[in-house]
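Asker: Got a structure for you, structure_2.pdb, holding PDB, C-alpha atoms and all ligand atoms.
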MODEL        1
ATOM      1  CA  VAL E   1       0.000   0.000   0.000  1.00  0.00           C
ATOM      2  CA  SER E   2       1.595   3.196  -1.108  1.00  0.00           C
ATOM      3  CA  PRO E   3      -0.084   6.375  -0.005  1.00  0.00           C
ATOM      4  CA  GLY E   4      -0.524   9.205  -2.436  1.00  0.00           C
ATOM      5  CA  ASP E   5      -1.594   7.180  -5.420  1.00  0.00           C
ATOM      6  CA  GLU E   6      -4.032   8.530  -7.869  1.00  0.00           C
ATOM      7  CA  CYS E   7      -6.380   7.079 -10.390  1.00  0.00           C
ATOM      8  CA  ASN E   8      -4.873   6.718 -13.826  1.00  0.00           C
ATOM      9  CA  TYR E   9      -8.045   8.005 -15.365  1.00  0.00           C
ATOM     10  CA  CYS E  10      -9.642  10.653 -13.227  1.00  0.00           C
ATOM     11  CA  ARG E  11      -6.672  11.500 -11.006  1.00  0.00           C
ATOM     12  CA  ALA E  12      -8.684  11.119  -7.879  1.00  0.00           C
ATOM     13  CA  PRO E  13      -6.676  10.139  -4.824  1.00  0.00           C
ATOM     14  CA  ILE E  14      -6.958   6.451  -4.244  1.00  0.00           C
ATOM     15  CA  ARG E  15      -5.284   3.846  -2.187  1.00  0.00           C
ATOM     16  CA  TRP E  16      -4.481   0.347  -3.145  1.00  0.00           C
ATOM     17  CA  MET E  17      -5.589  -2.468  -0.969  1.00  0.00           C
ATOM     18  CA  THR E  18      -5.077  -6.137  -1.346  1.00  0.00           C
ATOM     19  CA  THR E  19      -8.041  -8.363  -0.868  1.00  0.00           C
ATOM     20  CA  VAL E  20      -7.844 -11.546   1.100  1.00  0.00           C
ATOM     21  CA  ASN E  21      -7.671 -13.270  -2.268  1.00  0.00           C
ATOM     22  CA  GLY E  22      -4.521 -11.397  -3.067  1.00  0.00           C
ATOM     23  CA  LYS E  23      -6.031  -9.131  -5.649  1.00  0.00           C
ATOM     24  CA  ALA E  24      -5.056  -5.502  -5.767  1.00  0.00           C
ATOM     25  CA  MET E  25      -8.040  -3.236  -5.492  1.00  0.00           C
ATOM     26  CA  PRO E  26      -8.102   0.539  -5.664  1.00  0.00           C
ATOM     27  CA  VAL E  27     -10.407   2.283  -3.249  1.00  0.00           C
ATOM     28  CA  ASP E  28     -11.151   5.932  -2.671  1.00  0.00           C
ATOM     29  CA  ALA E  29      -8.590   7.484  -0.393  1.00  0.00           C
ATOM     30  CA  GLN E  30     -11.239   8.892   1.882  1.00  0.00           C
ATOM     31  CA  PRO E  31     -13.467   6.573   3.838  1.00  0.00           C
ATOM     32  CA  SER E  32     -17.037   6.683   2.654  1.00  0.00           C
ATOM     33  CA  GLU E  33     -20.206   6.175   4.585  1.00  0.00           C
ATOM     34  CA  ARG E  34     -21.442   4.138   1.693  1.00  0.00           C
ATOM     35  CA  GLY E  35     -18.300   2.112   1.378  1.00  0.00           C
ATOM     36  CA  ASN E  36     -18.228  -1.625   1.713  1.00  0.00           C
ATOM     37  CA  VAL E  37     -14.534  -2.313   1.919  1.00  0.00           C
ATOM     38  CA  ILE E  38     -13.049  -2.802   5.337  1.00  0.00           C
ATOM     39  CA  ARG E  39      -9.452  -2.936   6.255  1.00  0.00           C
ATOM     40  CA  LEU E  40      -8.403  -6.120   7.952  1.00  0.00           C
ATOM     41  CA  GLY E  41      -4.827  -5.681   8.935  1.00  0.00           C
ATOM     42  CA  GLU E  42      -2.947  -5.749   5.669  1.00  0.00           C
ATOM     43  CA  HIS E  43      -5.875  -6.896   3.663  1.00  0.00           C
ATOM     44  CA  ALA E  44      -9.124  -5.503   2.466  1.00  0.00           C
ATOM     45  CA  GLY E  45     -12.378  -7.293   2.951  1.00  0.00           C
ATOM     46  CA  VAL E  46     -15.392  -6.653   0.777  1.00  0.00           C
ATOM     47  CA  LEU E  47     -18.545  -6.714   2.833  1.00  0.00           C
ATOM     48  CA  GLY E  48     -22.121  -7.323   1.936  1.00  0.00           C
ATOM     49  CA  PRO E  49     -24.614  -4.565   2.684  1.00  0.00           C
ATOM     50  CA  ARG E  50     -25.578  -5.917   6.085  1.00  0.00           C
ATOM     51  CA  GLN E  51     -22.052  -6.678   7.106  1.00  0.00           C
ATOM     52  CA  ALA E  52     -21.086  -3.186   6.034  1.00  0.00           C
ATOM     53  CA  ASP E  53     -23.831  -1.674   8.151  1.00  0.00           C
ATOM     54  CA  ALA E  54     -22.777  -3.720  11.106  1.00  0.00           C
ATOM     55  CA  ALA E  55     -19.140  -2.800  10.674  1.00  0.00           C
ATOM     56  CA  ARG E  56     -19.998   0.862  10.394  1.00  0.00           C
ATOM     57  CA  TYR E  57     -22.169   0.645  13.431  1.00  0.00           C
ATOM     58  CA  ALA E  58     -19.239  -0.833  15.268  1.00  0.00           C
ATOM     59  CA  GLY E  59     -17.220   2.218  14.386  1.00  0.00           C
ATOM     60  CA  ASN E  60     -15.145   0.910  11.499  1.00  0.00           C
ATOM     61  CA  GLN E  61     -14.189   3.034   8.579  1.00  0.00           C
ATOM     62  CA  LEU E  62     -15.263   1.624   5.279  1.00  0.00           C
ATOM     63  CA  PHE E  63     -13.958   2.536   1.905  1.00  0.00           C
ATOM     64  CA  MET E  64     -15.573   2.727  -1.459  1.00  0.00           C
ATOM     65  CA  PRO E  65     -14.064   0.737  -4.304  1.00  0.00           C
ATOM     66  CA  HIS E  66     -12.841   3.388  -6.676  1.00  0.00           C
ATOM     67  CA  VAL E  67     -14.306   1.637  -9.659  1.00  0.00           C
ATOM     68  CA  ALA E  68     -17.702   2.407  -8.165  1.00  0.00           C
ATOM     69  CA  THR E  69     -17.087   6.128  -8.000  1.00  0.00           C
ATOM     70  CA  CYS E  70     -14.673   6.738 -10.852  1.00  0.00           C
ATOM     71  CA  PRO E  71     -16.224   8.896 -13.531  1.00  0.00           C
ATOM     72  CA  ASP E  72     -14.102   7.040 -16.028  1.00  0.00           C
ATOM     73  CA  ALA E  73     -14.964   3.606 -14.808  1.00  0.00           C
ATOM     74  CA  ASP E  74     -15.876   2.500 -18.320  1.00  0.00           C
ATOM     75  CA  LYS E  75     -12.281   2.719 -19.280  1.00  0.00           C
ATOM     76  CA  TRP E  76     -11.355   0.227 -16.620  1.00  0.00           C
ATOM     77  CA  ARG E  77     -13.098  -2.469 -18.530  1.00  0.00           C
ATOM     78  CA  GLY E  78     -12.254  -1.191 -21.928  1.00  0.00           C
ATOM     79  CA  LYS E  79     -11.947  -4.690 -23.210  1.00  0.00           C
ATOM     80  CA  LYS E  80     -15.551  -5.534 -22.716  1.00  0.00           C
ATOM     81  CA  PRO E  81     -18.264  -3.882 -24.712  1.00  0.00           C
ATOM     82  CA  ALA E  82     -20.501  -2.090 -22.250  1.00  0.00           C
ATOM     83  CA  ARG E  83     -23.656  -3.483 -23.710  1.00  0.00           C
ATOM     84  CA  ALA E  84     -22.861  -7.130 -23.243  1.00  0.00           C
ATOM     85  CA  GLY E  85     -25.327  -8.310 -20.679  1.00  0.00           C
ATOM     86  CA  ALA E  86     -26.748  -5.677 -18.443  1.00  0.00           C
ATOM     87  CA  GLY E  87     -26.716  -7.991 -15.433  1.00  0.00           C
ATOM     88  CA  ARG E  88     -25.064  -7.464 -12.107  1.00  0.00           C
ATOM     89  CA  ARG E  89     -26.806  -4.349 -11.057  1.00  0.00           C
ATOM     90  CA  ARG E  90     -30.248  -5.409 -10.110  1.00  0.00           C
ATOM     91  CA  ARG E  91     -32.413  -3.301  -7.951  1.00  0.00           C
ATOM     92  CA  ARG E  92     -35.729  -3.957  -6.550  1.00  0.00           C
TER      93      ARG E  92
HETATM   94 ZN    ZN W   1     -10.822   7.255 -11.277  1.00  0.00          ZN
ENDMDL
END
Will you turn the file into structure tokens for me?
Ligand SMILES: [Zn+2]
Answerer:
Amino acid sequence: VSPGDECNYCRAPIRWMTTVNGKAMPVDAQPSERGNVIRLGEHAGVLGPRQADAARYAGNQLFMPHVATCPDADKWRGKKPARAGAGRRRRR
């Protein structure tokens, strides 16, 4: 984790975390009250909505994955056409 990183696309300050699976994941540098990424020692854990609420309630700081807030998030997945399958983001 090197402080002072910025997004390659929008230049927002981000920080890199490593998930428990060993994947590098950029999150917003500032904790967010809507975030769902918790810091677990050296690793980052991605929480479900209820877990995130509980963690917040317990006073933890949660971070937002930068891909969720980046205005240029499309570019992150430049390889995939955006229209392939709208799935993933279901709301009720
Ligand atoms: Zn960005």
Asker: Chain E near ligand ZN 1 (chain W) within 8 Å: what's each residue's closest atom pair and its distance in Å to one decimal, counting all atoms listed in the file, ordered by chain then ascending residue number, as JSON lines?
Answerer:
{"residue": "E:Glu6", "atom": "CA", "partner": "W:ZN1", "partner_atom": "ZN", "distance": 7.7}
{"residue": "E:Cys7", "atom": "CA", "partner": "W:ZN1", "partner_atom": "ZN", "distance": 4.5}
{"residue": "E:Asn8", "atom": "CA", "partner": "W:ZN1", "partner_atom": "ZN", "distance": 6.5}
{"residue": "E:Tyr9", "atom": "CA", "partner": "W:ZN1", "partner_atom": "ZN", "distance": 5.0}
{"residue": "E:Cys10", "atom": "CA", "partner": "W:ZN1", "partner_atom": "ZN", "distance": 4.1}
{"residue": "E:Arg11", "atom": "CA", "partner": "W:ZN1", "partner_atom": "ZN", "distance": 5.9}
{"residue": "E:Ala12", "atom": "CA", "partner": "W:ZN1", "partner_atom": "ZN", "distance": 5.6}
{"residue": "E:His66", "atom": "CA", "partner": "W:ZN1", "partner_atom": "ZN", "distance": 6.3}
{"residue": "E:Val67", "atom": "CA", "partner": "W:ZN1", "partner_atom": "ZN", "distance": 6.8}
{"residue": "E:Thr69", "atom": "CA", "partner": "W:ZN1", "partner_atom": "ZN", "distance": 7.2}
{"residue": "E:Cys70", "atom": "CA", "partner": "W:ZN1", "partner_atom": "ZN", "distance": 3.9}
{"residue": "E:Pro71", "atom": "CA", "partner": "W:ZN1", "partner_atom": "ZN", "distance": 6.1}
{"residue": "E:Asp72", "atom": "CA", "partner": "W:ZN1", "partner_atom": "ZN", "distance": 5.8}
{"residue": "E:Ala73", "atom": "CA", "partner": "W:ZN1", "partner_atom": "ZN", "distance": 6.6}
Asker: Can you pull out the residues contacting Asp5 (chain E)? Cut-off 9 Å, using all atoms listed in the file, and skip same-chain residues under 2 positions away; I want them as a ChimeraX atom specification.
Answerer: /E:2-3,7,11-16,29
Asker: For Ala44 (chain E), which residue among E:Lys23, E:Pro31, E:Pro65, E:Thr18 is the nearest when counting only C-alpha atoms?
Answerer: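 Using only C-alpha atoms, the shortest distance to Ala44 (chain E) belongs to E:Thr18.
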Asker: Can you tell me how far CA of Arg39 (chain E) sits from CA of Asn21 (chain E), in Å to one decimal?
Answerer: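 It comes out at 13.5 Å.
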Asker: Write out as lines of an AutoDock Vina configuration file an axis-aligned box for region 19-37 of chain E: all of its atoms listed in the file, 5 Å added on each side, centre and edge lengths in Å with one decimal.
Answerer:
center_x = -13.0
center_y = -2.2
center_z = -0.6
size_x = 26.9
size_y = 32.2
size_z = 20.4
Asker: Kindly give the distance, in Å, that separates CA of Arg34 (chain E) and CA of Gly78 (chain E), rounded to a single decimal.
Answerer: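 Value for the CA of Arg34 (chain E)-CA of Gly78 (chain E) distance: 25.9 Å.
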Asker: Here is a test: counting all atoms listed in the file, which residue of E:Met17, E:Met25, E:Ala68, E:Val37 is nearest to Ala55 (chain E)?
Answerer: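 Closest residue, counting all atoms listed in the file: E:Val37.
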Asker: With all atoms listed in the file as the atoms that count, which of E:Gly4, E:Asn36, E:Gly45, E:Arg77 lies nearest to Ala24 (chain E)?
Answerer: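 Counting all atoms listed in the file, the residue closest to Ala24 (chain E) is E:Gly45.
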Asker: What gap, in Å, lies between CA of Asp53 (chain E) and CA of Asp28 (chain E)?
Answerer: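 CA of Asp28 (chain E) lies at a distance of 18.3 Å from CA of Asp53 (chain E).
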Asker: Under the rule that all atoms listed in the file are counted, which of E:Pro26, E:Trp76, E:Ile38, E:Thr19 is the nearest residue to Ala52 (chain E)?
Answerer: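 Checking each of E:Pro26, E:Trp76, E:Ile38, E:Thr19 against Ala52 (chain E), counting all atoms listed in the file, the winner is E:Ile38.
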